[in-house]
Amino acid sequence: MNRQSFFKSLCLCATVLAMGLYSLPYAQAAAAPVSVPPAVWWRHAVIYEVYPRSFQDANGDGIGDLRGITARLDYLKALGVDTIWLSPIFPSPQVDFGYDISNYTAIDPQYGTMADFENLVRKARKRGIGIMLDGVFNHTSDQHPWFQDSRSAKTSPKRDWYIWADGRDGGPPNNWRSGFGGSAWQLDLKTGQYYYHAFYVQQPDLNWRNPQVVHAVEDVLRFWLDKGVVGFRLDAVLKYYEDPTLKDAKTLPGVNAFGQPRLDQSQMTNLPEVHDALRDLRKVVDSYPGHRVLIGEDYLDTPEKLRALYGAKNDELQLPMDMQLGFINSLSVPKFERAIADAADKLDGNQPLFVFDNHDKPRSWDRYGDGVHNLAIARIIAAVLLTTRATPLLYEGQELGMPTTPPTRREDVQDPLGRTGWPQNKGRDGERTPMQWNNSANAGFSTARKTWLSVAPGFQTVNVKSELADPDSLLNWYRRLIALRKSNPALYEGDTRVLHNNENVLAYMRSRANARVIVLCNFSALPQAYPLPDGLVYRCTLASTSTCSGSSRVIDLPPFGVWIGEAR
Ligand code: GLC
Ligand code: CA
């Protein structure tokens, strides 16, 4: 080996090592103290939400499970996933499919055993993948022993772990409504008081004003952090506190999704005390090595509100979800520009987290698709998700272009939200149908005769196996984008500058030192010509049409086309 190639391979080794480091929090664990963020892994991680019930069924009962997920790790590794967020896997009556937890420190037998979980963590770690859990701490199941104890008597030592109040004028304590419809209060006959539930009746809210509750939640975090999880996605963080005066909420014009009067939410959502709770939880994760991370579920409508969730001293959530981009729900160039610029400029340099899809909302395939160009539009969504500075979060099946498939008959509905809301609101089953692995029975998800939700029609072509074999598939587009993102510092940590040269084209430049990448997305059904900014030399690196055509100064973008190029 001559000197030059020796140094080349040395450099390559160092790069590969450095990349390995950021995707391997454990590798840093021994070396770096928590306060020094050399290359904090979660800034660069590709996070993938697995909805365990629907990912892969290993034991043939029609319900996905942990051994199923372990069996699919190589698929996720090849896609480029660094971190898996598992929706809840804890014992639960499954009223809200795991978001009603009856034991925080065990595994629901439907999903497997603690040994299965430990094996998943170990096998994932071997591949440089971290496991993140869903922390559902706004509420428990009504079957949780804490609540059983709390409801047993007004004098129970756990009475104050939940939110109890006397009724008013023969009805509930006030006019607050549950996010899932109806009053937020449930009369409990045993003691004649009402308990508060922001979600279903079977999900009583914990009382975060009680320090014992906070300590109990901290113990839950430690239990799993000790098992090697890399962090938590905190469910419904904005709902942790309620106004203790329990005054009626103001009525707003219009009706909600259930046809009920809309209420001002400021007494039950995003109270200032939320920050106290987040600081407490952050201290717990920070006491562990390896930069463990807290992601938060929030649907906030301004960058200022989102900024606050990082904490005044950046001591709260590292990655609150930025939903302003992913839920625009139409291809609007100005709205996309705004959301991308806000994330880059208005979060005080904190790391944004972009999300388009999850288990609660119709898939982006349908929210952004126009019914004709859905595949091309899905490529745009993928490109935007993977070429801004934000940490990208994907939801299973998004990479395949799985459509939303709501139930067609009320008797098939699983999500209680769909049963109460039928037929206007069909619930969330449509975005939870089983993952489509191949074109065999049940799309390779399960060998059961009947699966918990039916596999969506269309799986014969939209599935992992056929898409891997097709170079032009959405899945291969995702794989190329992820690989490109990981190989280019301008993409994974560069600055962002939105360019406005054509009202139909979303365009931005990402740059870090001399590395520059320009991203062009045609948001229209007509071809567009985009003149590249002067003074630089461009080379196409990835384009959604099969030709990544060269070095011309004006890029011809086909309808809904994407063009990504390097600039020097
Ligand atoms: C979050 C979850 C959702 C659940 C709700 C109540 O929004 O993502 O699935 O129903 O919280 O826990
Ligand atoms: Ca199973």
# chains A, B, ... in the order shown; residues from 1 in each chain; ligands from 1
$ closest_atom_pairs --of "chain A" --to "ligand 1" --cutoff "8 Å" --atoms "only C-alpha atoms and all ligand atoms" --output "Markdown table"
| residue | atom | partner | partner_atom_place_in_ligand_line | distance |
| --- | --- | --- | --- | --- |
| A:Asp96 | CA | ligand 1 | 10 (O) | 5.7 |
| A:Phe97 | CA | ligand 1 | 9 (O) | 7.7 |
| A:Tyr99 | CA | ligand 1 | 12 (O) | 4.5 |
| A:Asp100 | CA | ligand 1 | 12 (O) | 6.7 |
| A:Val136 | CA | ligand 1 | 12 (O) | 6.4 |
| A:Asn138 | CA | ligand 1 | 12 (O) | 7.6 |
| A:His139 | CA | ligand 1 | 12 (O) | 7.3 |
| A:Phe199 | CA | ligand 1 | 6 (C) | 5.8 |
| A:Tyr200 | CA | ligand 1 | 6 (C) | 7.9 |
| A:Gln203 | CA | ligand 1 | 12 (O) | 7.7 |
| A:Asp235 | CA | ligand 1 | 1 (C) | 5.3 |
| A:Ala236 | CA | ligand 1 | 11 (O) | 5.3 |
| A:Glu297 | CA | ligand 1 | 7 (O) | 7.2 |
| A:Asn358 | CA | ligand 1 | 8 (O) | 7.8 |
| A:His359 | CA | ligand 1 | 9 (O) | 6.4 |
| A:Asp360 | CA | ligand 1 | 9 (O) | 5.5 |
$ write_last_selection --atoms "N, CA, C and O atoms" --output "PDB file, in the first residue's frame"
ATOM      1  N   ASP A  96     -56.504   1.279  25.331  1.00  0.00           N
ATOM      2  CA  ASP A  96     -55.909   2.221  24.383  1.00  0.00           C
ATOM      3  C   ASP A  96     -54.625   1.605  23.810  1.00  0.00           C
ATOM      4  O   ASP A  96     -53.626   2.282  23.595  1.00  0.00           O
ATOM      5  N   PHE A  97     -54.677   0.299  23.594  1.00  0.00           N
ATOM      6  CA  PHE A  97     -53.561  -0.454  23.026  1.00  0.00           C
ATOM      7  C   PHE A  97     -52.206  -0.095  23.625  1.00  0.00           C
ATOM      8  O   PHE A  97     -51.274   0.293  22.933  1.00  0.00           O
ATOM      9  N   TYR A  99     -51.450   2.262  25.827  1.00  0.00           N
ATOM     10  CA  TYR A  99     -51.321   3.593  26.450  1.00  0.00           C
ATOM     11  C   TYR A  99     -52.115   3.662  27.762  1.00  0.00           C
ATOM     12  O   TYR A  99     -52.289   4.719  28.344  1.00  0.00           O
ATOM     13  N   ASP A 100     -52.607   2.518  28.195  1.00  0.00           N
ATOM     14  CA  ASP A 100     -53.231   2.374  29.510  1.00  0.00           C
ATOM     15  C   ASP A 100     -52.431   1.293  30.230  1.00  0.00           C
ATOM     16  O   ASP A 100     -52.666   0.102  30.061  1.00  0.00           O
ATOM     17  N   VAL A 136     -45.406   6.631  29.315  1.00  0.00           N
ATOM     18  CA  VAL A 136     -46.790   7.128  29.397  1.00  0.00           C
ATOM     19  C   VAL A 136     -47.060   7.472  30.853  1.00  0.00           C
ATOM     20  O   VAL A 136     -47.455   6.616  31.644  1.00  0.00           O
ATOM     21  N   ASN A 138     -48.677  10.570  31.968  1.00  0.00           N
ATOM     22  CA  ASN A 138     -49.772  11.473  32.309  1.00  0.00           C
ATOM     23  C   ASN A 138     -50.854  10.714  33.082  1.00  0.00           C
ATOM     24  O   ASN A 138     -51.526  11.270  33.931  1.00  0.00           O
ATOM     25  N   HIS A 139     -50.977   9.426  32.732  1.00  0.00           N
ATOM     26  CA  HIS A 139     -52.055   8.624  33.297  1.00  0.00           C
ATOM     27  C   HIS A 139     -51.606   7.178  33.397  1.00  0.00           C
ATOM     28  O   HIS A 139     -50.608   6.797  32.791  1.00  0.00           O
ATOM     29  N   PHE A 199     -57.876  11.417  28.825  1.00  0.00           N
ATOM     30  CA  PHE A 199     -58.175  10.532  27.687  1.00  0.00           C
ATOM     31  C   PHE A 199     -59.353   9.616  28.077  1.00  0.00           C
ATOM     32  O   PHE A 199     -60.325  10.110  28.643  1.00  0.00           O
ATOM     33  N   TYR A 200     -59.261   8.302  27.831  1.00  0.00           N
ATOM     34  CA  TYR A 200     -60.411   7.440  28.137  1.00  0.00           C
ATOM     35  C   TYR A 200     -60.679   7.361  29.640  1.00  0.00           C
ATOM     36  O   TYR A 200     -59.784   7.573  30.459  1.00  0.00           O
ATOM     37  N   GLN A 203     -58.278   5.626  31.770  1.00  0.00           N
ATOM     38  CA  GLN A 203     -56.936   6.206  31.858  1.00  0.00           C
ATOM     39  C   GLN A 203     -56.917   7.382  32.848  1.00  0.00           C
ATOM     40  O   GLN A 203     -56.762   8.539  32.440  1.00  0.00           O
ATOM     41  N   ASP A 235     -45.101  10.472  26.443  1.00  0.00           N
ATOM     42  CA  ASP A 235     -46.453  10.610  25.919  1.00  0.00           C
ATOM     43  C   ASP A 235     -47.157  11.807  26.576  1.00  0.00           C
ATOM     44  O   ASP A 235     -47.041  12.010  27.791  1.00  0.00           O
ATOM     45  N   ALA A 236     -47.884  12.567  25.789  1.00  0.00           N
ATOM     46  CA  ALA A 236     -48.816  13.587  26.310  1.00  0.00           C
ATOM     47  C   ALA A 236     -48.221  14.480  27.401  1.00  0.00           C
ATOM     48  O   ALA A 236     -48.881  14.770  28.402  1.00  0.00           O
ATOM     49  N   GLU A 297     -43.916  14.102  23.169  1.00  0.00           N
ATOM     50  CA  GLU A 297     -45.068  14.252  22.278  1.00  0.00           C
ATOM     51  C   GLU A 297     -45.784  15.553  22.615  1.00  0.00           C
ATOM     52  O   GLU A 297     -46.191  15.771  23.753  1.00  0.00           O
ATOM     53  N   ASN A 358     -47.219   8.902  12.468  1.00  0.00           N
ATOM     54  CA  ASN A 358     -47.223   8.150  13.721  1.00  0.00           C
ATOM     55  C   ASN A 358     -48.494   7.302  13.787  1.00  0.00           C
ATOM     56  O   ASN A 358     -49.261   7.256  12.822  1.00  0.00           O
ATOM     57  N   HIS A 359     -48.679   6.645  14.923  1.00  0.00           N
ATOM     58  CA  HIS A 359     -49.789   5.696  15.071  1.00  0.00           C
ATOM     59  C   HIS A 359     -51.103   6.386  15.407  1.00  0.00           C
ATOM     60  O   HIS A 359     -52.094   5.709  15.681  1.00  0.00           O
ATOM     61  N   ASP A 360     -51.114   7.713  15.439  1.00  0.00           N
ATOM     62  CA  ASP A 360     -52.315   8.452  15.826  1.00  0.00           C
ATOM     63  C   ASP A 360     -52.974   9.216  14.690  1.00  0.00           C
ATOM     64  O   ASP A 360     -54.099   9.700  14.857  1.00  0.00           O
TER      65      ASP A 360
END
$ residues_around --residues "Gly68 of chain A" --least-positions-apart "2" --cutoff "9 Å" --atoms "only C-alpha atoms" --output "compact mmCIF listing (two decimals) with all heavy atoms, in the first residue's frame"
# COMPACT_ATOMS: atom_id res chain seq x y z
N PRO A 52 -45.57 -2.13 18.14
CA PRO A 52 -45.26 -3.55 18.29
C PRO A 52 -46.39 -4.49 17.87
O PRO A 52 -46.15 -5.55 17.30
CB PRO A 52 -44.95 -3.70 19.78
CG PRO A 52 -44.52 -2.34 20.21
CD PRO A 52 -45.32 -1.38 19.37
N PHE A 55 -46.05 -4.97 13.94
CA PHE A 55 -44.79 -5.00 13.19
C PHE A 55 -44.48 -6.40 12.68
O PHE A 55 -44.36 -6.62 11.48
CB PHE A 55 -43.66 -4.46 14.06
CG PHE A 55 -42.42 -4.11 13.28
CD1 PHE A 55 -42.46 -3.14 12.30
CD2 PHE A 55 -41.22 -4.74 13.55
CE1 PHE A 55 -41.32 -2.80 11.57
CE2 PHE A 55 -40.07 -4.40 12.84
CZ PHE A 55 -40.13 -3.44 11.85
N GLN A 56 -44.38 -7.37 13.59
CA GLN A 56 -44.09 -8.74 13.16
C GLN A 56 -44.54 -9.69 14.27
O GLN A 56 -44.12 -9.54 15.42
CB GLN A 56 -42.59 -8.93 12.91
CG GLN A 56 -42.19 -10.34 12.53
CD GLN A 56 -42.71 -10.75 11.15
OE1 GLN A 56 -42.29 -10.19 10.15
NE2 GLN A 56 -43.62 -11.71 11.10
N ASP A 57 -45.36 -10.64 13.90
CA ASP A 57 -45.87 -11.63 14.86
C ASP A 57 -45.00 -12.88 14.77
O ASP A 57 -45.00 -13.55 13.74
CB ASP A 57 -47.33 -11.93 14.50
CG ASP A 57 -47.92 -13.04 15.34
OD1 ASP A 57 -47.35 -13.34 16.41
OD2 ASP A 57 -48.95 -13.60 14.92
N ALA A 58 -44.31 -13.20 15.86
CA ALA A 58 -43.42 -14.39 15.81
C ALA A 58 -44.11 -15.65 16.29
O ALA A 58 -43.71 -16.75 15.92
CB ALA A 58 -42.17 -14.14 16.66
N ASN A 59 -45.14 -15.54 17.13
CA ASN A 59 -45.73 -16.77 17.69
C ASN A 59 -47.08 -17.13 17.09
O ASN A 59 -47.77 -18.01 17.57
CB ASN A 59 -45.81 -16.68 19.22
CG ASN A 59 -46.86 -15.69 19.69
OD1 ASN A 59 -47.40 -14.94 18.86
ND2 ASN A 59 -47.15 -15.68 20.96
N GLY A 64 -48.43 -8.68 16.84
CA GLY A 64 -46.98 -8.51 16.77
C GLY A 64 -46.35 -8.63 18.15
O GLY A 64 -47.02 -8.44 19.16
N ASP A 65 -45.07 -8.96 18.20
CA ASP A 65 -44.43 -9.18 19.50
C ASP A 65 -42.93 -8.87 19.45
O ASP A 65 -42.39 -8.56 18.38
CB ASP A 65 -44.68 -10.62 19.97
CG ASP A 65 -44.51 -11.63 18.84
OD1 ASP A 65 -43.50 -11.54 18.13
OD2 ASP A 65 -45.41 -12.48 18.64
N LEU A 66 -42.30 -8.95 20.61
CA LEU A 66 -40.89 -8.55 20.72
C LEU A 66 -39.98 -9.46 19.90
O LEU A 66 -39.03 -9.00 19.26
CB LEU A 66 -40.44 -8.54 22.18
CG LEU A 66 -41.13 -7.49 23.05
CD1 LEU A 66 -40.74 -7.66 24.52
CD2 LEU A 66 -40.77 -6.08 22.58
N THR A 70 -37.23 -8.42 17.01
CA THR A 70 -35.84 -8.87 17.00
C THR A 70 -35.51 -9.52 15.66
O THR A 70 -34.44 -9.30 15.08
CB THR A 70 -35.59 -9.86 18.16
OG1 THR A 70 -36.00 -9.23 19.37
CG2 THR A 70 -34.12 -10.23 18.26
N ALA A 71 -36.47 -10.29 15.15
CA ALA A 71 -36.23 -10.99 13.88
C ALA A 71 -36.10 -10.02 12.71
O ALA A 71 -35.56 -10.38 11.66
CB ALA A 71 -37.37 -11.97 13.62
N ARG A 72 -36.56 -8.80 12.88
CA ARG A 72 -36.52 -7.83 11.77
C ARG A 72 -35.44 -6.77 11.95
O ARG A 72 -35.43 -5.76 11.23
CB ARG A 72 -37.88 -7.15 11.63
CG ARG A 72 -38.99 -8.08 11.16
CD ARG A 72 -38.72 -8.66 9.79
NE ARG A 72 -39.87 -9.42 9.29
CZ ARG A 72 -39.88 -10.03 8.11
NH1 ARG A 72 -38.80 -9.98 7.32
NH2 ARG A 72 -40.94 -10.70 7.71
N PHE A 445 -46.74 -10.84 7.86
CA PHE A 445 -46.78 -10.29 9.23
C PHE A 445 -47.03 -11.40 10.25
O PHE A 445 -46.47 -11.41 11.34
CB PHE A 445 -47.86 -9.21 9.32
CG PHE A 445 -48.32 -8.90 10.72
CD1 PHE A 445 -47.46 -8.30 11.64
CD2 PHE A 445 -49.62 -9.23 11.14
CE1 PHE A 445 -47.88 -8.03 12.94
CE2 PHE A 445 -50.04 -8.96 12.44
CZ PHE A 445 -49.17 -8.36 13.34
$ residues_around --residues "Tyr75 of chain A" --least-positions-apart "6" --cutoff "12 Å" --atoms "only C-alpha atoms" --output "ChimeraX atom specification"
/A:48,55-56,68-69,81-82,124,127,129,396,399,437,464-465,468,475,479
$ select_by_dssp --residues "segment 408-488 of chain A" --states "helix (DSSP H, G or I)" --output "ChimeraX atom specification"
/A:410-412,416-421,429-431,441-444,464-469,474-487
$ closest_atom_pairs --of "segment 144-179 of chain A" --to "segment 189-195 of chain A" --cutoff "8 Å" --atoms "only C-alpha atoms" --output "tab-separated table"
residue	atom	partner	partner_atom	distance
A:Arg151	CA	A:Thr191	CA	7.4
A:Ser152	CA	A:Lys190	CA	7.2
A:Ala153	CA	A:Thr191	CA	6.3
A:Lys154	CA	A:Thr191	CA	6.6
A:Tyr162	CA	A:Tyr195	CA	7.2
A:Ile163	CA	A:Tyr195	CA	5.5
A:Trp164	CA	A:Tyr195	CA	4.5
A:Ala165	CA	A:Tyr194	CA	5.3
A:Asp166	CA	A:Gln193	CA	4.9
A:Gly167	CA	A:Tyr194	CA	6.5
A:Pro172	CA	A:Tyr194	CA	6.8
A:Pro173	CA	A:Tyr194	CA	7.4
$ write_last_selection --atoms "C-alpha atoms" --output "PDB file, in the first residue's frame"
ATOM      1  CA  ARG A 151     -59.974   4.550  44.505  1.00  0.00           C
ATOM      2  CA  SER A 152     -60.414   2.154  47.456  1.00  0.00           C
ATOM      3  CA  ALA A 153     -61.028   4.906  50.059  1.00  0.00           C
ATOM      4  CA  LYS A 154     -60.691   8.636  50.543  1.00  0.00           C
ATOM      5  CA  TYR A 162     -54.727  10.830  41.145  1.00  0.00           C
ATOM      6  CA  ILE A 163     -57.005  13.819  40.699  1.00  0.00           C
ATOM      7  CA  TRP A 164     -60.161  13.461  42.758  1.00  0.00           C
ATOM      8  CA  ALA A 165     -62.852  16.099  43.232  1.00  0.00           C
ATOM      9  CA  ASP A 166     -66.391  16.433  44.484  1.00  0.00           C
ATOM     10  CA  GLY A 167     -69.161  16.906  41.965  1.00  0.00           C
ATOM     11  CA  PRO A 172     -69.100  16.585  37.416  1.00  0.00           C
ATOM     12  CA  PRO A 173     -66.779  19.152  39.075  1.00  0.00           C
TER      13      PRO A 173
END
$ residues_around --residues "segment 218-223 of chain A" --least-positions-apart "2" --cutoff "12 Å" --atoms "only C-alpha atoms" --output "mmCIF file with C-alpha atoms, in the first residue's frame"
data_model
loop_
_atom_site.group_PDB
_atom_site.id
_atom_site.type_symbol
_atom_site.label_atom_id
_atom_site.label_comp_id
_atom_site.auth_asym_id
_atom_site.auth_seq_id
_atom_site.Cartn_x
_atom_site.Cartn_y
_atom_site.Cartn_z
ATOM 1 C CA PHE A 90 -46.006 -2.991 29.202
ATOM 2 C CA ASN A 103 -47.540 -2.229 35.398
ATOM 3 C CA TYR A 104 -44.659 0.014 34.355
ATOM 4 C CA THR A 105 -41.859 -2.444 35.020
ATOM 5 C CA ALA A 106 -42.886 -5.603 33.206
ATOM 6 C CA MET A 132 -36.214 3.780 23.223
ATOM 7 C CA LEU A 133 -39.418 3.217 25.207
ATOM 8 C CA ASP A 134 -42.716 5.025 25.404
ATOM 9 C CA GLY A 135 -43.072 6.794 28.753
ATOM 10 C CA VAL A 136 -46.790 7.128 29.397
ATOM 11 C CA PHE A 137 -46.852 9.104 32.626
ATOM 12 C CA TRP A 208 -48.025 15.351 39.206
ATOM 13 C CA PRO A 211 -43.941 14.425 44.868
ATOM 14 C CA GLN A 212 -44.472 10.704 45.503
ATOM 15 C CA VAL A 213 -45.833 10.380 41.974
ATOM 16 C CA VAL A 214 -42.796 12.146 40.558
ATOM 17 C CA HIS A 215 -40.489 9.821 42.479
ATOM 18 C CA ALA A 216 -42.394 6.772 41.337
ATOM 19 C CA LEU A 225 -32.349 2.928 31.842
ATOM 20 C CA ASP A 226 -30.587 0.273 33.922
ATOM 21 C CA LYS A 227 -31.625 -2.229 31.266
ATOM 22 C CA GLY A 228 -29.854 -0.175 28.621
ATOM 23 C CA VAL A 229 -32.628 1.769 26.898
ATOM 24 C CA VAL A 230 -31.290 4.895 25.203
ATOM 25 C CA GLY A 231 -34.196 7.133 26.151
ATOM 26 C CA PHE A 232 -37.928 7.705 26.253
ATOM 27 C CA ARG A 233 -40.602 9.219 24.129
ATOM 28 C CA LEU A 234 -42.778 10.945 26.711
ATOM 29 C CA ALA A 277 -41.664 17.832 35.751
ATOM 30 C CA LEU A 278 -39.500 17.781 32.644
ATOM 31 C CA ARG A 279 -36.489 19.094 34.562
ATOM 32 C CA ASP A 280 -36.918 16.327 37.123
ATOM 33 C CA LEU A 281 -37.102 13.635 34.473
ATOM 34 C CA ARG A 282 -34.166 15.099 32.558
ATOM 35 C CA LYS A 283 -31.997 14.919 35.676
ATOM 36 C CA VAL A 284 -32.662 11.210 35.825
ATOM 37 C CA VAL A 285 -31.646 10.530 32.217
ATOM 38 C CA ASP A 286 -28.616 12.804 32.570
ATOM 39 C CA SER A 287 -27.409 10.769 35.523
ATOM 40 C CA TYR A 288 -26.733 7.923 33.092
ATOM 41 C CA ARG A 292 -29.746 9.211 27.003
ATOM 42 C CA VAL A 293 -32.496 11.239 25.472
ATOM 43 C CA LEU A 294 -36.021 12.489 26.148
#
$ closest_residue --among "A:Val50, A:Leu394, A:Ala448, A:Val237" --to "ligand 2" --atoms "only C-alpha atoms and all ligand atoms"
A:Ala448
$ closest_residue --among "A:Asp315, A:Ser446, A:Phe117, A:Ile47" --to "ligand 2" --atoms "only C-alpha atoms and all ligand atoms"
A:Ser446
